[in-house]
$ cat model13.cif   # mmCIF, C-alpha atoms
data_coords
#
loop_
_atom_site.group_PDB
_atom_site.id
_atom_site.type_symbol
_atom_site.label_atom_id
_atom_site.label_comp_id
_atom_site.auth_asym_id
_atom_site.auth_seq_id
_atom_site.Cartn_x
_atom_site.Cartn_y
_atom_site.Cartn_z
ATOM 1 C CA MET A 1 3.533 18.407 -78.039
ATOM 2 C CA THR A 2 1.062 19.029 -75.281
ATOM 3 C CA GLU A 3 2.163 21.742 -72.916
ATOM 4 C CA PRO A 4 1.898 21.052 -69.187
ATOM 5 C CA PRO A 5 -0.942 22.850 -67.502
ATOM 6 C CA ALA A 6 -0.035 26.175 -66.017
ATOM 7 C CA GLU A 7 0.429 26.188 -62.234
ATOM 8 C CA GLY A 8 -2.660 27.480 -60.519
ATOM 9 C CA PRO A 9 -2.612 30.099 -57.812
ATOM 10 C CA ARG A 10 -1.506 29.038 -54.307
ATOM 11 C CA THR A 11 -4.379 28.265 -51.986
ATOM 12 C CA GLY A 12 -5.057 30.026 -48.704
ATOM 13 C CA ARG A 13 -4.036 26.802 -46.815
ATOM 14 C CA SER A 14 -0.534 26.964 -48.417
ATOM 15 C CA ARG A 15 -0.059 30.619 -47.538
ATOM 16 C CA GLY A 16 -1.229 29.920 -43.965
ATOM 17 C CA TRP A 17 1.303 27.126 -43.409
ATOM 18 C CA ARG A 18 4.086 29.372 -44.763
ATOM 19 C CA TRP A 19 3.477 31.784 -41.873
ATOM 20 C CA ALA A 20 2.313 29.304 -39.200
ATOM 21 C CA THR A 21 5.429 27.103 -39.202
ATOM 22 C CA PRO A 22 7.992 29.867 -38.388
ATOM 23 C CA LEU A 23 5.604 31.302 -35.797
ATOM 24 C CA ALA A 24 5.245 27.931 -34.018
ATOM 25 C CA LEU A 25 9.006 27.437 -33.963
ATOM 26 C CA ALA A 26 9.480 30.909 -32.503
ATOM 27 C CA VAL A 27 6.951 30.241 -29.730
ATOM 28 C CA CYS A 28 8.587 26.873 -28.826
ATOM 29 C CA GLY A 29 11.987 28.533 -28.697
ATOM 30 C CA GLY A 30 10.645 31.207 -26.375
ATOM 31 C CA LEU A 31 9.210 28.604 -24.018
ATOM 32 C CA VAL A 32 12.538 26.742 -23.853
ATOM 33 C CA VAL A 33 14.415 29.937 -23.034
ATOM 34 C CA THR A 34 11.862 30.938 -20.381
ATOM 35 C CA SER A 35 12.005 27.493 -18.704
ATOM 36 C CA ALA A 36 15.799 27.523 -18.642
ATOM 37 C CA ALA A 37 15.867 31.016 -17.142
ATOM 38 C CA ASN A 38 13.340 30.164 -14.443
ATOM 39 C CA SER A 39 14.910 26.868 -13.452
ATOM 40 C CA GLY A 40 18.496 28.060 -13.376
ATOM 41 C CA GLY A 41 19.567 24.705 -14.748
ATOM 42 C CA THR A 42 17.613 22.704 -12.125
ATOM 43 C CA ASP A 43 14.487 20.545 -12.281
ATOM 44 C CA LEU A 44 11.335 22.675 -12.343
ATOM 45 C CA ARG A 45 9.388 19.967 -10.465
ATOM 46 C CA PRO A 46 9.230 20.330 -6.666
ATOM 47 C CA GLY A 47 11.961 18.323 -5.011
ATOM 48 C CA ARG A 48 9.589 16.333 -2.786
ATOM 49 C CA TYR A 49 8.067 14.659 -5.848
ATOM 50 C CA ALA A 50 11.474 13.509 -7.069
ATOM 51 C CA ASP A 51 12.133 11.375 -3.999
ATOM 52 C CA LEU A 52 9.325 8.845 -3.464
ATOM 53 C CA ALA A 53 10.920 7.398 -0.331
ATOM 54 C CA SER A 54 10.994 10.840 1.328
ATOM 55 C CA VAL A 55 7.347 11.419 0.415
ATOM 56 C CA VAL A 56 6.385 8.062 1.930
ATOM 57 C CA ARG A 57 8.287 8.765 5.154
ATOM 58 C CA ALA A 58 6.765 12.237 5.493
ATOM 59 C CA GLU A 59 3.221 10.980 4.924
ATOM 60 C CA ASN A 60 3.716 8.116 7.381
ATOM 61 C CA ARG A 61 4.963 10.535 10.044
ATOM 62 C CA GLU A 62 1.876 12.692 9.535
ATOM 63 C CA VAL A 63 -0.439 9.686 9.833
ATOM 64 C CA ASP A 64 1.395 8.507 12.967
ATOM 65 C CA ALA A 65 0.956 11.956 14.540
ATOM 66 C CA LEU A 66 -2.772 11.954 13.766
ATOM 67 C CA GLN A 67 -3.166 8.441 15.188
ATOM 68 C CA ASP A 68 -1.325 9.471 18.363
ATOM 69 C CA ARG A 69 -3.745 12.374 18.774
ATOM 70 C CA ALA A 70 -6.701 10.075 18.148
ATOM 71 C CA ARG A 71 -5.442 7.698 20.870
ATOM 72 C CA GLU A 72 -5.120 10.595 23.313
ATOM 73 C CA LEU A 73 -8.694 11.668 22.655
ATOM 74 C CA THR A 74 -9.917 8.081 22.942
ATOM 75 C CA ASP A 75 -8.199 7.732 26.318
ATOM 76 C CA GLU A 76 -9.823 10.972 27.473
ATOM 77 C CA VAL A 77 -13.250 9.682 26.452
ATOM 78 C CA ALA A 78 -12.586 6.392 28.259
ATOM 79 C CA ASP A 79 -11.539 8.236 31.429
ATOM 80 C CA LEU A 80 -14.702 10.318 31.338
ATOM 81 C CA GLY A 81 -16.778 7.173 30.815
ATOM 82 C CA ARG A 82 -15.182 5.405 33.791
ATOM 83 C CA ALA A 83 -15.845 8.424 35.963
ATOM 84 C CA GLY A 84 -19.553 8.168 35.321
ATOM 85 C CA SER A 85 -21.848 6.319 37.708
ATOM 86 C CA ASP A 86 -24.638 5.505 35.264
ATOM 87 C CA SER A 87 -25.490 1.783 35.402
ATOM 88 C CA THR A 88 -26.197 1.581 31.667
ATOM 89 C CA ALA A 89 -22.784 3.078 30.855
ATOM 90 C CA ARG A 90 -21.079 0.599 33.188
ATOM 91 C CA ARG A 91 -22.902 -2.298 31.534
ATOM 92 C CA TYR A 92 -21.708 -1.247 28.088
ATOM 93 C CA ARG A 93 -18.165 -0.729 29.392
ATOM 94 C CA ASP A 94 -18.118 -4.259 30.767
ATOM 95 C CA ARG A 95 -19.463 -5.674 27.495
ATOM 96 C CA SER A 96 -16.840 -3.757 25.537
ATOM 97 C CA ALA A 97 -14.050 -5.028 27.787
ATOM 98 C CA ARG A 98 -15.060 -8.649 27.171
ATOM 99 C CA VAL A 99 -14.663 -8.351 23.388
ATOM 100 C CA ARG A 100 -11.496 -6.244 23.254
ATOM 101 C CA GLY A 101 -9.318 -9.297 22.744
ATOM 102 C CA ALA A 102 -11.437 -10.690 19.919
ATOM 103 C CA ALA A 103 -11.470 -7.249 18.284
ATOM 104 C CA GLY A 104 -7.659 -7.102 18.257
ATOM 105 C CA LEU A 105 -7.460 -4.313 20.837
ATOM 106 C CA GLU A 106 -5.214 -6.258 23.231
ATOM 107 C CA PRO A 107 -1.612 -7.444 22.675
ATOM 108 C CA VAL A 108 -1.049 -11.158 22.061
ATOM 109 C CA THR A 109 2.189 -13.006 22.889
ATOM 110 C CA GLY A 110 3.174 -16.572 22.085
ATOM 111 C CA GLU A 111 4.907 -18.841 19.605
ATOM 112 C CA GLY A 112 4.455 -18.116 15.929
ATOM 113 C CA LEU A 113 6.172 -17.597 12.607
ATOM 114 C CA THR A 114 7.372 -14.818 10.320
ATOM 115 C CA VAL A 115 6.825 -14.740 6.547
ATOM 116 C CA THR A 116 8.795 -12.322 4.357
ATOM 117 C CA LEU A 117 7.767 -11.550 0.768
ATOM 118 C CA ALA A 118 9.966 -9.522 -1.603
ATOM 119 C CA ASP A 119 10.161 -8.426 -5.235
ATOM 120 C CA ALA A 120 12.701 -10.027 -7.551
ATOM 121 C CA PRO A 121 16.234 -8.567 -7.306
ATOM 122 C CA ASP A 122 17.066 -5.762 -9.749
ATOM 123 C CA GLU A 123 19.493 -7.921 -11.701
ATOM 124 C CA VAL A 124 16.757 -10.498 -12.329
ATOM 125 C CA ALA A 125 14.100 -7.898 -13.159
ATOM 126 C CA GLU A 126 16.407 -6.292 -15.739
ATOM 127 C CA THR A 127 17.244 -9.506 -17.588
ATOM 128 C CA SER A 128 14.244 -11.805 -17.099
ATOM 129 C CA GLU A 129 11.947 -12.455 -20.056
ATOM 130 C CA MET A 130 9.077 -13.436 -17.760
ATOM 131 C CA ASP A 131 5.920 -11.348 -17.392
ATOM 132 C CA LYS A 132 6.985 -8.420 -15.200
ATOM 133 C CA ASN A 133 3.893 -8.894 -13.020
ATOM 134 C CA ARG A 134 5.382 -12.162 -11.769
ATOM 135 C CA LEU A 135 8.495 -10.356 -10.554
ATOM 136 C CA VAL A 136 6.753 -8.272 -7.881
ATOM 137 C CA VAL A 137 4.659 -8.901 -4.778
ATOM 138 C CA HIS A 138 0.976 -8.091 -5.255
ATOM 139 C CA GLN A 139 -1.738 -7.505 -2.669
ATOM 140 C CA GLN A 140 -3.278 -10.885 -3.501
ATOM 141 C CA ASP A 141 0.030 -12.564 -2.577
ATOM 142 C CA ILE A 142 -0.018 -10.897 0.839
ATOM 143 C CA GLN A 143 -3.705 -11.707 1.295
ATOM 144 C CA ALA A 144 -3.099 -15.360 0.372
ATOM 145 C CA VAL A 145 -0.437 -15.655 3.085
ATOM 146 C CA VAL A 146 -2.615 -13.899 5.687
ATOM 147 C CA ASN A 147 -5.641 -16.083 4.900
ATOM 148 C CA ALA A 148 -3.555 -19.261 5.085
ATOM 149 C CA LEU A 149 -2.232 -18.202 8.488
ATOM 150 C CA TRP A 150 -5.777 -17.606 9.771
ATOM 151 C CA ARG A 151 -6.780 -21.068 8.568
ATOM 152 C CA GLY A 152 -3.744 -22.498 10.335
ATOM 153 C CA GLY A 153 -4.969 -21.197 13.684
ATOM 154 C CA ALA A 154 -3.325 -17.777 13.970
ATOM 155 C CA GLU A 155 -4.472 -15.836 17.026
ATOM 156 C CA ALA A 156 -3.096 -12.503 15.840
ATOM 157 C CA ILE A 157 -1.353 -11.314 12.645
ATOM 158 C CA THR A 158 0.628 -8.175 11.861
ATOM 159 C CA LEU A 159 1.853 -6.723 8.564
ATOM 160 C CA GLU A 160 4.846 -4.424 8.909
ATOM 161 C CA GLY A 161 4.163 -4.372 12.637
ATOM 162 C CA ARG A 162 0.538 -3.229 12.222
ATOM 163 C CA ARG A 163 -2.177 -5.428 13.684
ATOM 164 C CA ILE A 164 -4.602 -6.870 11.132
ATOM 165 C CA VAL A 165 -8.245 -6.946 12.241
ATOM 166 C CA SER A 166 -11.555 -7.775 10.588
ATOM 167 C CA THR A 167 -11.869 -4.322 9.004
ATOM 168 C CA THR A 168 -8.289 -4.155 7.700
ATOM 169 C CA GLY A 169 -7.906 -3.713 3.957
ATOM 170 C CA ILE A 170 -4.648 -4.472 2.152
ATOM 171 C CA LYS A 171 -4.241 -2.869 -1.260
ATOM 172 C CA CYS A 172 -1.487 -1.996 -3.707
ATOM 173 C CA ALA A 173 -0.810 1.577 -4.771
ATOM 174 C CA GLY A 174 1.832 1.511 -7.481
ATOM 175 C CA SER A 175 4.981 -0.067 -6.082
ATOM 176 C CA VAL A 176 3.890 0.105 -2.423
ATOM 177 C CA VAL A 177 1.185 -1.400 -0.215
ATOM 178 C CA GLN A 178 -1.352 0.683 1.689
ATOM 179 C CA LEU A 179 -2.435 -0.451 5.139
ATOM 180 C CA GLN A 180 -4.456 1.551 7.669
ATOM 181 C CA GLY A 181 -3.588 4.868 6.032
ATOM 182 C CA LEU A 182 0.135 4.128 5.778
ATOM 183 C CA VAL A 183 2.209 3.041 2.795
ATOM 184 C CA PHE A 184 4.990 0.446 2.915
ATOM 185 C CA PRO A 185 7.572 -0.540 0.283
ATOM 186 C CA GLU A 186 8.749 -4.127 -0.084
ATOM 187 C CA PRO A 187 9.976 -6.406 1.437
ATOM 188 C CA TYR A 188 6.811 -7.183 3.399
ATOM 189 C CA THR A 189 7.053 -8.821 6.817
ATOM 190 C CA ILE A 190 4.051 -10.763 8.107
ATOM 191 C CA GLU A 191 4.141 -12.059 11.690
ATOM 192 C CA ALA A 192 1.583 -14.456 13.135
ATOM 193 C CA VAL A 193 1.134 -15.551 16.751
ATOM 194 C CA GLY A 194 -0.283 -19.060 17.029
ATOM 195 C CA PRO A 195 0.600 -22.746 16.503
ATOM 196 C CA ALA A 196 3.712 -22.386 14.349
ATOM 197 C CA TYR A 197 3.755 -25.861 12.762
ATOM 198 C CA ASP A 198 0.032 -25.805 11.996
ATOM 199 C CA MET A 199 0.352 -22.398 10.330
ATOM 200 C CA ALA A 200 3.392 -23.563 8.333
ATOM 201 C CA ALA A 201 1.434 -26.601 7.150
ATOM 202 C CA SER A 202 -1.454 -24.341 6.127
ATOM 203 C CA LEU A 203 0.934 -22.219 4.050
ATOM 204 C CA ASP A 204 2.249 -25.352 2.312
ATOM 205 C CA ALA A 205 -1.292 -26.507 1.526
ATOM 206 C CA ASP A 206 -2.488 -23.206 0.059
ATOM 207 C CA GLY A 207 -2.516 -23.168 -3.752
ATOM 208 C CA ALA A 208 -1.855 -19.437 -4.194
ATOM 209 C CA VAL A 209 1.031 -19.480 -1.695
ATOM 210 C CA THR A 210 2.448 -22.586 -3.408
ATOM 211 C CA ASP A 211 2.449 -20.780 -6.775
ATOM 212 C CA PHE A 212 4.360 -17.875 -5.225
ATOM 213 C CA ARG A 213 6.804 -20.269 -3.554
ATOM 214 C CA ILE A 214 7.437 -22.016 -6.919
ATOM 215 C CA ASP A 215 8.169 -18.642 -8.533
ATOM 216 C CA ALA A 216 10.567 -17.879 -5.690
ATOM 217 C CA ALA A 217 12.555 -21.005 -6.592
ATOM 218 C CA ARG A 218 12.777 -20.100 -10.303
ATOM 219 C CA PRO A 219 15.989 -18.227 -11.222
ATOM 220 C CA ASP A 220 14.156 -16.179 -13.876
ATOM 221 C CA VAL A 221 11.545 -14.979 -11.352
ATOM 222 C CA ALA A 222 13.281 -15.170 -7.951
ATOM 223 C CA VAL A 223 10.687 -13.326 -5.879
ATOM 224 C CA GLY A 224 11.472 -13.521 -2.177
ATOM 225 C CA TYR A 225 9.711 -16.035 0.066
ATOM 226 C CA ASP A 226 11.028 -16.888 3.524
ATOM 227 C CA VAL A 227 9.394 -18.535 6.555
ATOM 228 C CA GLN A 228 10.935 -18.512 10.027
ATOM 229 C CA LEU A 229 9.531 -20.237 13.131
ATOM 230 C CA ASP A 230 9.633 -18.088 16.267
ATOM 231 C CA ALA A 231 9.609 -19.266 19.866
ATOM 232 C CA GLU A 232 7.935 -16.024 20.935
ATOM 233 C CA LEU A 233 6.296 -13.141 19.111
ATOM 234 C CA THR A 234 4.176 -10.235 20.332
ATOM 235 C CA ALA A 235 1.435 -8.754 18.186
ATOM 236 C CA PRO A 236 0.648 -5.220 19.393
ATOM 237 C CA PRO A 237 -2.972 -4.086 19.681
ATOM 238 C CA TYR A 238 -4.765 -2.466 16.775
ATOM 239 C CA GLU A 239 -4.443 1.303 17.087
ATOM 240 C CA GLY A 240 -6.628 2.533 14.251
ATOM 241 C CA VAL A 241 -10.187 3.809 14.184
ATOM 242 C CA VAL A 242 -12.616 1.295 15.679
ATOM 243 C CA THR A 243 -15.859 2.915 14.546
ATOM 244 C CA THR A 244 -17.529 1.680 11.370
ATOM 245 C CA SER A 245 -19.155 3.942 8.773
ATOM 246 C CA TYR A 246 -21.983 2.594 6.670
ATOM 247 C CA ALA A 247 -24.637 3.868 4.279
ATOM 248 C CA GLU A 248 -28.293 4.256 5.214
ATOM 249 C CA PRO A 249 -31.190 4.055 2.740
ATOM 250 C CA MET A 250 -32.976 7.313 1.950
ATOM 251 C CA ASP A 251 -36.686 7.642 2.771
#
$ encode --input "model13.cif" --output "structure tokens"
Amino acid sequence: MTEPPAEGPRTGRSRGWRWATPLALAVCGGLVVTSAANSGGTDLRPGRYADLASVVRAENREVDALQDRARELTDEVADLGRAGSDSTARRYRDRSARVRGAAGLEPVTGEGLTVTLADAPDEVAETSEMDKNRLVVHQQDIQAVVNALWRGGAEAITLEGRRIVSTTGIKCAGSVVQLQGLVFPEPYTIEAVGPAYDMAASLDADGAVTDFRIDAARPDVAVGYDVQLDAELTAPPYEGVVTTSYAEPMD
């Protein structure tokens, strides 16, 4: 009978693992104990990161305060400009005054309509087998509505009460929308001053808006889409920065 080969000596790798495994477990245990002692049974993460809504409100208040200060400084500059007697300065002031309305710097009041877009209700989102992207409002949905309203003859449009102008960018950031330095959770309210029936017809004729409206009628999607005609709406003036930054070629 052939005898089995004798067992060779243990390699250095085997001896290393024999010591490394208990050492790793000891280190992990120490970290757990240290974390528990430091936290006192609470979450180690700062509390402001645990409440997204509070973070959003705090950031919006800070932006509002900065915009208020910017408006004060702008008014001071305007007062100083009006006090001047230079003919060139007066000519530029007059030219600026003539385009304030077109630039969205004056309030606009008149008939219009209100469009509200919303994510699918929680009960639908939890049970629907549809692509989850179809259950939420995206920036392209908001942009489709805004563009359709412009084509329908809108004189002024606001999103969440903020005036939309030619330099306004609407973009998604996670589950919220960013607009002019502020963030807004859904539902999203879009108000447009202008010929209400023409704007409503433009919404109905827009392909992207129609797709969203069809999804709103589906029980397994159920995103929110609502249009209300208004006898009178007021779009406030744009209150953001009016200067434009641009790149210049290097010599």
$ closest_residue --input "model13.cif" --among "A:Asp211, A:Asp230, A:Asp119, A:Glu106" --to "A:Val136" --atoms "only C-alpha atoms"
A:Asp119
$ resolve_selection --input "model13.cif" --expression "the PyMOL selection byres ((chain A and resi 157) around 6)" --output "list in words"
Ala156, Thr158, Ile164, Glu191 and Ala192 of chain A
$ write_last_selection --input "model13.cif" --atoms "C-alpha atoms" --output "CSV table (one decimal), in the coordinates of the input"
chain,number,residue,atom,x,y,z
A,156,ALA,CA,-3.1,-12.5,15.8
A,158,THR,CA,0.6,-8.2,11.9
A,164,ILE,CA,-4.6,-6.9,11.1
A,191,GLU,CA,4.1,-12.1,11.7
A,192,ALA,CA,1.6,-14.5,13.1
$ atom_distance --input "model13.cif" --atom1 "atom CA of A:Arg100" --atom2 "atom CA of A:Gly153"
18.9 Å
$ atom_distance --input "model13.cif" --atom1 "atom CA of A:Val223" --atom2 "atom CA of A:Leu117"
7.5 Å
$ closest_residue --input "model13.cif" --among "A:Tyr225, A:Met250, A:Arg69, A:Pro185" --to "A:Val209" --atoms "all atoms listed in the file"
A:Tyr225
$ closest_residue --input "model13.cif" --among "A:Arg162, A:Glu155, A:Pro249, A:Arg213" --to "A:Gly110" --atoms "all atoms listed in the file"
A:Glu155
$ atom_distance --input "model13.cif" --atom1 "atom CA of A:Arg218" --atom2 "atom CA of A:Glu129"
12.4 Å
$ resolve_selection --input "model13.cif" --expression "the PyMOL selection byres ((chain A and resi 194-201) around 6)" --output "list in words"
Glu111, Gly112, Leu113, Leu149, Gly152, Ala154, Glu155, Val193, Ser202, Leu203 and Asp204 of chain A
$ residues_around --input "model13.cif" --residues "A:Asp226" --least-positions-apart "6" --cutoff "10 Å" --atoms "only C-alpha atoms" --output "MDAnalysis selection string"
chainID A and resid 114:118 189 213 216
